[in-house]
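Let me begin by presenting the structure, written as C-alpha cells, before commenting on it.
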Protein chains: 2
Amino acid sequence: MKKAALRVLAGILLAGLAVSIPAASDEGMWLFNMAPKDLVQKRYGFALQDEWLTHLRLSSVRFGGASASFVSSDGLVLTNHHVGRGAIQNLSSKDRDLMKTGFYARTRPEEIKCPGVELRVLEDIVDVTETVTGAVRPGMSAADAAEAIDKAVAALEKEESERSGLRASVVKLYSGSLFHLYKYKTLSDVRLVFAPENAIAFFGGDADNFTYPRYDLDIALFRVYENDRPLKTPHYLKWSSKGVRDGELVFCSGNPGSTGRLLTLSQLEFLRDTSYPFNIANLKRRQALLHEYAEKGEEEARVAMRSLFGIENGLKATLGYQSGLLDKALMDKKAREEKAVREAVAKDVVLSAEFGKAWDEIAAAQASYASFFKPYTFLERAQGFNTVYFGAARTLVRLAQERAKPNAERLREYRDANLASVERSFLSPAPIYDEFEVVKLADSLAQLNEELGHLQEVRWLLGGRTPDAVARELVAGTKLADIEARKALLAGGWEAVCRSEDAMIKLALLVDPVSRGLRSRYEKEVDAVETRNGTLVARALFRLKGATIPPDATSTLRLSFGVAKGYLEHGRKIPYATTFAGLFALSAKNVNRDPYTLPPSFVAKKSSLDLSVPLNFVSTCDSIGGNSGSPLVNRKAEFVGVLFDGNIQSLPTRFVYDDTIARSVMVDSRGILEALLKVYDAKPLVDEILGRR
Amino acid sequence: MKKAALRVLAGILLAGLAVSIPAASDEGMWLFNMAPKDLVQKRYGFALQDEWLTHLRLSSVRFGGASASFVSSDGLVLTNHHVGRGAIQNLSSKDRDLMKTGFYARTRPEEIKCPGVELRVLEDIVDVTETVTGAVRPGMSAADAAEAIDKAVAALEKEESERSGLRASVVKLYSGSLFHLYKYKTLSDVRLVFAPENAIAFFGGDADNFTYPRYDLDIALFRVYENDRPLKTPHYLKWSSKGVRDGELVFCSGNPGSTGRLLTLSQLEFLRDTSYPFNIANLKRRQALLHEYAEKGEEEARVAMRSLFGIENGLKATLGYQSGLLDKALMDKKAREEKAVREAVAKDVVLSAEFGKAWDEIAAAQASYASFFKPYTFLERAQGFNTVYFGAARTLVRLAQERAKPNAERLREYRDANLASVERSFLSPAPIYDEFEVVKLADSLAQLNEELGHLQEVRWLLGGRTPDAVARELVAGTKLADIEARKALLAGGWEAVCRSEDAMIKLALLVDPVSRGLRSRYEKEVDAVETRNGTLVARALFRLKGATIPPDATSTLRLSFGVAKGYLEHGRKIPYATTFAGLFALSAKNVNRDPYTLPPSFVAKKSSLDLSVPLNFVSTCDSIGGNSGSPLVNRKAEFVGVLFDGNIQSLPTRFVYDDTIARSVMVDSRGILEALLKVYDAKPLVDEILGRR
C-alpha cells in the first residue's frame with residue numbers, strides 16, 4: 001500500500017472514531033488503543049478514561065488461547081474451569097483425578113505447579129502500520145507483498161524482543177489495513193489454587209453447552225509466581241460482592257479468537273460449502289471414536305475426557321456458526337450489503353479502478369483453496385496424524401530446520417519471538433497414554449487413506465497395511481514420551497533429527513516436504529490474496545460508509561461493552577440471571593442423573609447456601625470463543641463475573657452481530673463467593689479476593 | 001593445531017625439500033608449488049625451473065576428474081578417448097554412433113559443442129595453512145575441529161571466488177597438515193574436434209585394460225572456445241615429433257585421484273576387509289547386469305556400453321588394489337614400518353604424548369565406519385538408487401536446501417565456489433534411456449532391499465512390492481529428463497521442490513534425512529578423526545624420518561617424473577614401446593575378433609602406415625586413476641605422449657610405490673601423428689599441432 005493512501009485510511013478510521021456516529025447496537029470487539037470512547041459516551045453516558053483502560057488491560061491475562069484476570073495483588077488469576085482444564089488434567093492421574101474431586105490449596109505450599117502453562121499480560125501496543133506496509137513496493141504480486149510484509153513484521157518483532165525482552169507480536173487488523181505491535185510479559189510459573197469438581201463446573205455437560213439458562217460454576221483459580229514467590233501486581237480487579245444489576249452497563253476484556261464479519265460472500269460460501277462441512281464431519285467422527293474408547297473402562301473414560309470436551313465444544317460451536325451460514329436471511333443480508341458496496345464502487349471511476357477487482361480475486365482464491373483444502377488439512381494441519389506424538393515430532397523437525405534459517409525467512413511460529421514458548425511447550429511433561437494415542441492415530445490414518453490414499457506419501461506410509469498396524473508400530477517406535485529424549489533431540493538440532501531412528505520423527509520427516517508445499521500454496525495463493533484484497537474491501541467500506549467499523553477478532557485483547565439483560569425465546573422470557581435454587585431444581589428434575597449429577601460437596605452443603613444468590617447471568621457484550629475466562633467489570637472496573645459461554649443464538653454472530661437474543665454467559669461474582677465460602681469452606685481465598693488480608 | 005607446532009611442521013617439510021635427501025626411486029606425485037627440484041637434480045641432473053613449471057601447469061587441463069593438456073595456441077585440448085567418452089556418447093544417438101564411427105571435424109564450424117563438459121586450468125596456488133589451522137582452538141573435539149576447519153575453508157573459497165571470479169578450492173594435504181588454496185579458471189564451451197573409433201581407442205577391451213604391451217589410440221581432441229571463438233592461449237605444449245627415447249627422463253602432469261600410501265594399517269585393513277570386498281561384489285553385479293542388458297539388441301548394447309567401461313575399469317582397478325592388500329609381503333612391510341614408527345614414538349616421552357594415541361584413534365574410527373558402511377554407501381552414496389534420475393533429484397533437493405543456508409554451513413559440494421558447476425552439470429542435456437534406467441534402478445533397489453530391508457525408509461519405498469514395479473513407477477513418474485522442467489524446479493527453489501509431484505524428487509526427499517544423518521556420522525566419527533590423527537601420524541613421520549615424503553594424491557594437479565623404460569615379467573623382457581606392427585599382429589593372432597577387431601579405417605590404411613612407428617610406451621612415472629589424459633613431456637617441456645593406463649602391476653602402488661615392474665602406459669606422440677596423417681587424413685589437425693599454420 002502506498003503511504004499516502006495509508007494515511008488516508010488511518011485518517012478515516014480515526015475520524016470515524018472521533019465523529020462517533022452512534023452505533024445501533026453493542027456490537028464490537030474493540031481495540032484497547034482505539035477504544036470506542038465516544039460511542040460509549042453517547043450510548044451509555046459513560047466516559048472511558050485512559051487510566052481506566054490501562055488498568056483493565058494490565059489486569060487482563062491471556063491464558064493459552066483464552067482469557068483470565070488478576071483478582072488479587074498476590075498474583076491470583078481467575079479463569080474458567082474449562083480454560084484451565086488441560087492444566088488440571090495434566091496434574092491428574094489414575095489415582096488422583098482432580099477433574100472428579102476438585103482441588104483447593106488451603107495454603108500456599110499446597111499450590112501445584114502446572115508445567116507448560118504460560119500466561120501473558122499485554123504491556124503495550126504500538127501502531128507500526130507505516131513501517132509494515134511501507135515494505136510493500138508498487139507493482140509487487142500479492143505473494144511478494146505478503147512476503148515483504150512478513151519480513152517487516154519479523155524484523156519488528158525480533159527488534160522489540162531483543163530490546164525489551166518482552167514477547168512481541170504484530171497483529172494484522174482489518175485484513176491488513178492496520179498493523180499493531182503487541183508487547184507481552186510472559187509468566188510461566190503458574191500454580192493451581194482452586195478448581196471445583198467438573199460436575200459443577202460443567203453442569204449440564206455437552207447437552208447444555210452453548211445454552212441458557214445455565215448453572216455452572218465454571219471457574220478455576222491459579223497463582224502466578226516469580227522467583228518462587230507470588231507475583232506482586234498493582235493491577236488486579238477489585239471484586240464486586242454486589243455483582244451486577246439487571247440492565248447495568250458492563251465491559252468485557254478478553255481475547256476473542258476470530259470472527260468473520262468483514263468476510264466477503266465468497267469467503268462465507270467457502271466456509272459453508274467446504275470448510276465447515278469437513279470440520280463438522282471430522283469432529284463427529286472423533287467424538288464417536290472417543291465415546292467408544294471411553295466405554296472401555298473408567299480409566300479409559302478419564303483419558304478420553306481429556307480430549308472430548310474440546311471436540312464437543314468445537315463441534316457445537318461449528319454447528320452454530322454453520323447454522324448462521326445456512327440461514328437464508330443472514331446470507332441474503334450479507335449478499336445485499338456486498339452487492340450495494342460493489343455497485344457503489346462500480347459507479348465511481350476512481351473507486352472502481354482502486355477496489356473493483358477485490359471481490360473477484362478473493363473469490364478466485366477460495367476456488368484455489370478448495371482444490372487443495374483436503375491435503376492441506378490432513379497433511380499441513382496434521383488432521384491425518386491425530387496423536388500428540390506427531391505434534392511433538394513435527395515441532396522437533398521444524399524447529400531444527402527453521403532455527404538454521406535467518407529469522408525473517410522462518411515459518412512464523414518458529415521466529416525468535418516465539419521460540420521460547422515453542423520450546424517450553426515441546427518440553428512440557430503432560431502425561432501421554434499410548435493406547436489412546438494408537439486409537440486416535442489409527443482412525444486418522446484410516447481417514448487419511450480414505451481421502452488421500454492416492455498420494456505417494458500416504459501410499460508409502462500405509463503400503464497396503466492396516467492403519468491400526470501402522471499406528472501401533474509408530475507409537476511403539478517412538479521415545480518422545482520421554483522428556484529427556486526430547487531435550488537431547490532439541491539440543492542436537494537437525495543432525496540429531498536426521499540421525500534419529502524414532503518412528504514418529506521419521507513420519508514427520510516423510511510428510512514434511514509435501515506439507516510445506518501445501519503451506520506455501522496456502523500462504524501465496526490464498527492468504528496473501530485474501531490479505532491484499534481484504535484490505536481493499538475494508539478501505540472501500542470505510543470510503544463509502546465513512547463510519548467506524550469494529551475490526552474482526554484476531555485472538556488478541558479486546559474490549560466489548562453491553563448490558564446485563566435477559567431476552568425472549570419462543571415467547572418465553574429468559575431472565576438476566578439464574579440462581580443456586582435453579583441449579584438444585586434442574587438437578588432434581590433430572591433425578592441427579594448425568595450430566596445433571598451434583599457433586600457430593602453441593603449435595604452436602606445445599607442447606608448452608610443462600611439459594612437466591614445469582615449463579616450465572618447474561619449480557620449483550622460481544623464475544624466469541626477465546627473470550628472464555630474474560631472478566632466482566634462494572635463502571636468502577638470491579639469484577640462482576642467471568643464469561644464462560646454464549647447462548648446458541650450467539651454463534652451466528654460470528655458473521656453478523658445481533659443483540660435481540662444473542663447473549664454472552666457469565667458466572668456471577670456473587671455466586672462465586674457464595675460457593676467458595678459455603679460449599680468449599682475457602683474463607684482464606686475469599687479474604688484474599690475481597691482484599692481482607 | 002597450535003600455530004607454533006604448525007610452523008615446526010612446515011619447517012620440517014620445507015627443510016626436507018631443501019636438504020633433498022635423494023629418494024631411492026621415482027616415487028611421488030609432487031605439488032607444483034613444492035616441486036622436487038633437488039631430487040630431480042640429484043637423480044637426473046636436471047634443474048626444474050620455475051618458469052618451466054609454470055608453463056607446464058598452465059598447459060595442463062583438468063577434464064572432469066581426469067587430465068588433459070593444451071596442444072595448440074588455438075585452445076586445442078588433447079586427452080584420452082576414454083576420458084572424453086561421456087561427452088562423445090552424449091553426442092551420439094541410435095542413428096549417429098560416434099563411438100563406433102569416430103569423428104573428425106575437418107573445419108571449425110563442424111566442431112560439436114559438448115553440453116555439460118567443463119575444463120579447468122590451475123591458475124595459482126597459495127599456502128593457506130596458517131589461516132585454516134588457526135581456526136582450531138585448543139581442546140576442541142575432532143568433530144568440532146573439523147567443523148572449524150571446514151568453515152575457515154569455506155570462507156577462504158568464497159572470498160577468493162568473489163575477489164577473482166576464479167573457482168577456488170582448498171586442498172587438504174598430508175591428511176590435513178597443509179592446506180593450499182587452488183584457483184581455477186573454468187572453461188565451459190568445449191567442442192569435439194577428433195575422436196577415433198572406440199575399437200582402436202580401446203583395442204583389447206576390458207581383457208587388455210591395465211595390461212602391457214598395449215596398442216591403443218586412446219586419444220580425443222577437443223577445442224575450448226571463449227565468446228564463440230577458439231581460446232587463444234600462450235600456454236600449450238609444443239609437440240615432439242621425435243617422441244621419447246628408451247631411458248629418457250619424462251615428466252607427467254595431471255590429476256591423480258587418490259592414493260593411500262600414508263594410510264595406517266587399520267585403514268588399509270578397512271579397505272581390504274570392508275570397502276573393497278563390497279565394491280568388487282557390487283561392480284561385478286553391475287557388470288553382469290549391463291552385459292545382460294546389452295545382449296537384448298544393438299541399441300541396448302550401445303546404451304549399456306556407456307556405463308560398462310566405467311564399471312569394468314573400476315572393477316579391474318579395485319581388484320588390482322585389493323591384490324596389493326591381499327599380498328602378505330606388502331602388508332607385512334606396512335605393518336613393520338608402522339610398528340617401527342609407533343615404537344619410536346612410544347620410546348620418547350614428548351613424541352608419545354603428542355602422537356601416541358593417533359593410530360588407535362584412527363583404528364577406532366574404522367570400527368565405527370564399518371558399523372554403518374552399508375547404509376552410508378547405499379543411501380548417502382546412493383548405491384541403492386542406481387539411476388541418473390536419482391542423482392538429478394538429489395542435486396535438486398539439496399541445492400534448494402543448501403542454498404538457503406549461509407555458505408560455510410552448507411554441504412561442501414554446494415558452497416558458492418562450486419554452485420556454478422553443480423548447476424551446469426544439473427542442466428546438462430545428456431540423453432537418458434528410460435528402459436535402461438528402470439533396469440539399473442530395479443536391480444539396485446533389489447540390492448538395497450537385500451542389504452537394508454529393515455530400514456523404515458526402505459520398507460516404505462518397497463512395501464512388499466517388487467523392485468522392478470517400484471523402479472518402473474519411479475521412472476514413469478519423473479519429468480527430470482526434460483531440461484526445461486529442471487530449469488523451472490531449480491529456479492523455484494525449496495518451495496518448488498516441496499510442491500513437486502515428481503516421483504523421483506519424492507524419493508530423494510524420502511531418503512534425504514536418513515542420508516544426511518549418515519553423512520554427518522561419517523564426517524564427524526570417521527573423517528574428522530582420520531584428519532586430526534592423520535595429521536599427527538604425518539607429523540610423527542616427519543619428526544622421526546626428517547625426510548621428504550610425497551603427499552598422497554588428492555585429485556589435484558601433480559607432477560611426477562621417471563624414465564621411459566621396459567621391464568621384466570616372468571623372465572620375459574617387455575620393451576619400453578610397442579609399434580603399429582604389433583597392433584596388426586595382435587589383431588591377426590585373434591583373427592580380428594572382438595575385442596581385437598580393427599576398425600575399417602585401420603584395415604584400409606594399413607599399407608600407408610609406417611608399421612615401425614611407436615604406438616604406446618611405458619615409464620616409471622608415478623600415476624594412478626585420474627592421471628588418464630596427463631601429458632608426458634621431455635626436458636624441453638615438449639609433448640611426448642599421453643598417459644592412458646597403468647599396467648596391472650602398477651595397481652598396488654596405490655599403497656606402496658615400486659618401479660621394478662609397475663609402469664604407467666602412454667600413447668606415443670609419434671604414433672598419434674602417424675595415425676592422424678595416414679589413417680584419418682587429418683593433415684590440418686597435424687599442421688595445427690605441429691604449429692605449421
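Going through the C-alpha cells in order, the chains are called A, B, and so on, while each chain numbers its residues from 1 and the ligands are numbered from 1 in the order shown.
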Exercise answer, chain B residues close to chain A, 6 Å and only C-alpha atoms, as a ChimeraX atom specification: /B:460,463,495,498-499,510,513-514,517
I'd like the neighbourhood of B:Thr129 as a PyMOL selection string, where a residue qualifies if any of its atoms comes within 6 Å (using only C-alpha atoms), though same-chain residues fewer than 3 positions away should be ignored. chain B and resi 132-133+178-179
Requested write-out: all heavy atoms of the selected residues, as a PDB file, in the first residue's frame:
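out-v7.pdb was written with the following content:
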ATOM      1  N   VAL B 132      43.833 -21.648   7.935  1.00  0.00           N
ATOM      2  CA  VAL B 132      42.885 -22.747   8.147  1.00  0.00           C
ATOM      3  C   VAL B 132      43.085 -23.399   9.517  1.00  0.00           C
ATOM      4  O   VAL B 132      42.143 -23.537  10.301  1.00  0.00           O
ATOM      5  CB  VAL B 132      43.017 -23.800   7.028  1.00  0.00           C
ATOM      6  CG1 VAL B 132      42.157 -25.021   7.351  1.00  0.00           C
ATOM      7  CG2 VAL B 132      42.624 -23.205   5.687  1.00  0.00           C
ATOM      8  N   THR B 133      44.327 -23.772   9.815  1.00  0.00           N
ATOM      9  CA  THR B 133      44.533 -24.474  11.082  1.00  0.00           C
ATOM     10  C   THR B 133      44.430 -23.518  12.265  1.00  0.00           C
ATOM     11  O   THR B 133      44.158 -23.949  13.389  1.00  0.00           O
ATOM     12  CB  THR B 133      45.894 -25.190  11.102  1.00  0.00           C
ATOM     13  OG1 THR B 133      46.909 -24.234  10.844  1.00  0.00           O
ATOM     14  CG2 THR B 133      45.936 -26.282  10.047  1.00  0.00           C
ATOM     15  N   LEU B 178      48.830 -29.673   5.773  1.00  0.00           N
ATOM     16  CA  LEU B 178      48.944 -28.461   4.973  1.00  0.00           C
ATOM     17  C   LEU B 178      47.628 -28.215   4.245  1.00  0.00           C
ATOM     18  O   LEU B 178      46.918 -29.166   3.889  1.00  0.00           O
ATOM     19  CB  LEU B 178      50.060 -28.601   3.920  1.00  0.00           C
ATOM     20  CG  LEU B 178      51.495 -28.770   4.399  1.00  0.00           C
ATOM     21  CD1 LEU B 178      52.434 -28.880   3.204  1.00  0.00           C
ATOM     22  CD2 LEU B 178      51.913 -27.590   5.282  1.00  0.00           C
ATOM     23  N   PHE B 179      47.332 -26.936   4.024  1.00  0.00           N
ATOM     24  CA  PHE B 179      46.151 -26.559   3.233  1.00  0.00           C
ATOM     25  C   PHE B 179      46.584 -25.549   2.176  1.00  0.00           C
ATOM     26  O   PHE B 179      47.163 -24.520   2.518  1.00  0.00           O
ATOM     27  CB  PHE B 179      45.077 -25.941   4.127  1.00  0.00           C
ATOM     28  CG  PHE B 179      44.444 -26.925   5.074  1.00  0.00           C
ATOM     29  CD1 PHE B 179      45.025 -27.178   6.319  1.00  0.00           C
ATOM     30  CD2 PHE B 179      43.294 -27.620   4.718  1.00  0.00           C
ATOM     31  CE1 PHE B 179      44.463 -28.098   7.193  1.00  0.00           C
ATOM     32  CE2 PHE B 179      42.730 -28.541   5.591  1.00  0.00           C
ATOM     33  CZ  PHE B 179      43.312 -28.787   6.828  1.00  0.00           C
TER      34      PHE B 179
END
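Residues in contact range of stretch 276-278 of chain A, defined as at most 10 Å between only C-alpha atoms, with sequence neighbours fewer than 6 positions away removed, read A:Glu269, A:Phe270, A:Lys284, A:Leu315, A:Thr318, A:Leu319, A:Tyr321, A:Gln322, A:Leu325, A:Phe373, A:Lys374, A:Thr377.
If you look at atom CA of B:Asp681 and atom CA of B:Tyr596, they are 23.0 Å away from each other.
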Got a sec: who's within 10 Å of A:Ala637, counting only C-alpha atoms, leaving out chain neighbours fewer than 5 positions off, as a PyMOL selection string? chain A and resi 52-53+55-56+59+236-240+250-251+631-632
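Interatomic distance, atom CA of B:Thr395 against atom CA of B:Phe426: 7.3 Å.
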Write out as JSON, numbers by chain each polymer residue whose atoms come within 8 Å of stretch 667-677 of chain B, counting only C-alpha atoms; drop sequence neighbours fewer than 5 positions from it. {"B": [216, 217, 218, 219, 239, 240, 241, 242, 243, 244, 579, 580, 609, 610, 613, 614, 615, 616, 617, 639, 640, 641, 642, 643, 644, 682, 683, 685, 686]}
List the neighbours of stretch 85-98 of chain A out to 10 Å using only C-alpha atoms; skip same-chain residues closer than 2 positions along the sequence, and give me the result as a PyMOL selection string. chain A and resi 64+80-83+100-104+112-117+190-192+194-198+220+298-300+302-303+305-307+309-310+428-432
Go ahead and write the residues just picked, C-alpha atoms, as an mmCIF file, in the first residue's frame.
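What ended up in out.cif:
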data_model
loop_
_atom_site.group_PDB
_atom_site.id
_atom_site.type_symbol
_atom_site.label_atom_id
_atom_site.label_comp_id
_atom_site.auth_asym_id
_atom_site.auth_seq_id
_atom_site.Cartn_x
_atom_site.Cartn_y
_atom_site.Cartn_z
ATOM 1 C CA GLY A 64 -3.440 -20.239 26.354
ATOM 2 C CA ASN A 80 -12.833 -20.744 33.605
ATOM 3 C CA HIS A 81 -12.507 -24.309 34.747
ATOM 4 C CA HIS A 82 -12.695 -25.315 31.085
ATOM 5 C CA VAL A 83 -9.857 -22.955 30.227
ATOM 6 C CA LYS A 100 -13.552 -35.510 39.561
ATOM 7 C CA THR A 101 -12.583 -34.421 43.067
ATOM 8 C CA GLY A 102 -11.809 -30.779 42.525
ATOM 9 C CA PHE A 103 -8.864 -29.154 44.314
ATOM 10 C CA TYR A 104 -8.229 -26.480 46.871
ATOM 11 C CA ILE A 112 0.663 -27.181 42.494
ATOM 12 C CA LYS A 113 2.917 -26.053 39.676
ATOM 13 C CA CYS A 114 1.401 -26.518 36.205
ATOM 14 C CA PRO A 115 4.143 -27.457 33.729
ATOM 15 C CA GLY A 116 3.814 -25.928 30.296
ATOM 16 C CA VAL A 117 1.204 -23.348 31.316
ATOM 17 C CA VAL A 190 1.710 -20.858 37.260
ATOM 18 C CA ARG A 191 0.244 -22.935 40.095
ATOM 19 C CA LEU A 192 -3.189 -24.364 40.676
ATOM 20 C CA PHE A 194 -8.626 -23.891 43.316
ATOM 21 C CA ALA A 195 -10.780 -25.947 40.962
ATOM 22 C CA PRO A 196 -14.293 -27.178 41.634
ATOM 23 C CA GLU A 197 -15.437 -30.625 40.561
ATOM 24 C CA ASN A 198 -16.013 -30.912 36.800
ATOM 25 C CA ALA A 220 -10.629 -22.068 38.368
ATOM 26 C CA GLU A 298 -13.130 -45.969 33.998
ATOM 27 C CA GLU A 299 -9.524 -45.103 33.262
ATOM 28 C CA GLU A 300 -10.224 -45.035 29.520
ATOM 29 C CA ARG A 302 -10.888 -40.369 32.237
ATOM 30 C CA VAL A 303 -8.289 -40.336 29.467
ATOM 31 C CA MET A 305 -12.473 -36.975 28.633
ATOM 32 C CA ARG A 306 -9.248 -35.008 28.234
ATOM 33 C CA SER A 307 -9.975 -34.588 24.535
ATOM 34 C CA PHE A 309 -14.611 -31.569 25.898
ATOM 35 C CA GLY A 310 -12.612 -29.714 23.251
ATOM 36 C CA SER A 428 6.057 -29.872 28.829
ATOM 37 C CA PRO A 429 5.701 -33.200 30.627
ATOM 38 C CA ALA A 430 1.979 -33.718 30.028
ATOM 39 C CA PRO A 431 1.088 -37.381 30.509
ATOM 40 C CA ILE A 432 0.611 -39.457 27.341
#
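Straight-line separation from atom CA of A:Gly257 to atom CA of A:Asn313: 14.3 Å.
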Which residues come within 7 Å of stretch 380-390 of chain B, counting only C-alpha atoms, excluding same-chain residues fewer than 3 positions away, as a list of chain:residue names? B:Tyr376, B:Thr377, B:Ala393, B:Arg394, B:Glu437, B:Lys440, B:Leu441, B:Ser444, B:Leu445, B:Gln447, B:Leu448, B:Leu480, B:Met504, B:Ala508, B:Ser515, B:Arg516, B:Leu518, B:Arg519
Save the residues we just selected, C-alpha atoms, as a PDB file, in the first residue's frame?
ATOM      1  CA  TYR B 376      26.115 -44.931   4.210  1.00  0.00           C
ATOM      2  CA  THR B 377      27.044 -46.489   0.884  1.00  0.00           C
ATOM      3  CA  ALA B 393      16.669 -35.337  -7.993  1.00  0.00           C
ATOM      4  CA  ARG B 394      19.081 -35.354  -5.084  1.00  0.00           C
ATOM      5  CA  GLU B 437      17.287 -46.560 -16.062  1.00  0.00           C
ATOM      6  CA  LYS B 440      19.569 -50.321 -13.243  1.00  0.00           C
ATOM      7  CA  LEU B 441      17.283 -48.837 -10.607  1.00  0.00           C
ATOM      8  CA  SER B 444      19.899 -51.545  -7.078  1.00  0.00           C
ATOM      9  CA  LEU B 445      16.576 -51.410  -5.240  1.00  0.00           C
ATOM     10  CA  GLN B 447      20.158 -54.953  -3.601  1.00  0.00           C
ATOM     11  CA  LEU B 448      19.055 -52.231  -1.187  1.00  0.00           C
ATOM     12  CA  LEU B 480      13.509 -34.855 -14.936  1.00  0.00           C
ATOM     13  CA  MET B 504      11.978 -39.212  -8.247  1.00  0.00           C
ATOM     14  CA  ALA B 508      15.126 -38.076  -2.993  1.00  0.00           C
ATOM     15  CA  SER B 515      21.203 -39.969   4.262  1.00  0.00           C
ATOM     16  CA  ARG B 516      22.219 -36.705   5.859  1.00  0.00           C
ATOM     17  CA  LEU B 518      24.724 -40.993   7.869  1.00  0.00           C
ATOM     18  CA  ARG B 519      26.813 -38.324   6.242  1.00  0.00           C
TER      19      ARG B 519
END
Once DSSP has gone over the backbone, tell me which residues of stretch 246-409 of chain A are in alpha helix (DSSP H), as a ChimeraX atom specification. /A:265-270,276-294,298-325,328-347,349-355,358-375,388-403
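Counting only C-alpha atoms, the residue from A:Leu690, A:Ala47, A:Ala408, A:Leu31 that sits nearest to A:Leu76 is A:Leu690.
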Pick out each residue of stretch 458-645 of chain B that DSSP on the backbone tags as strand (DSSP E); I need them as an NGL selection string. :B and (558-563 or 567-569 or 572-574 or 577-579 or 614-619 or 631-633 or 639-645)
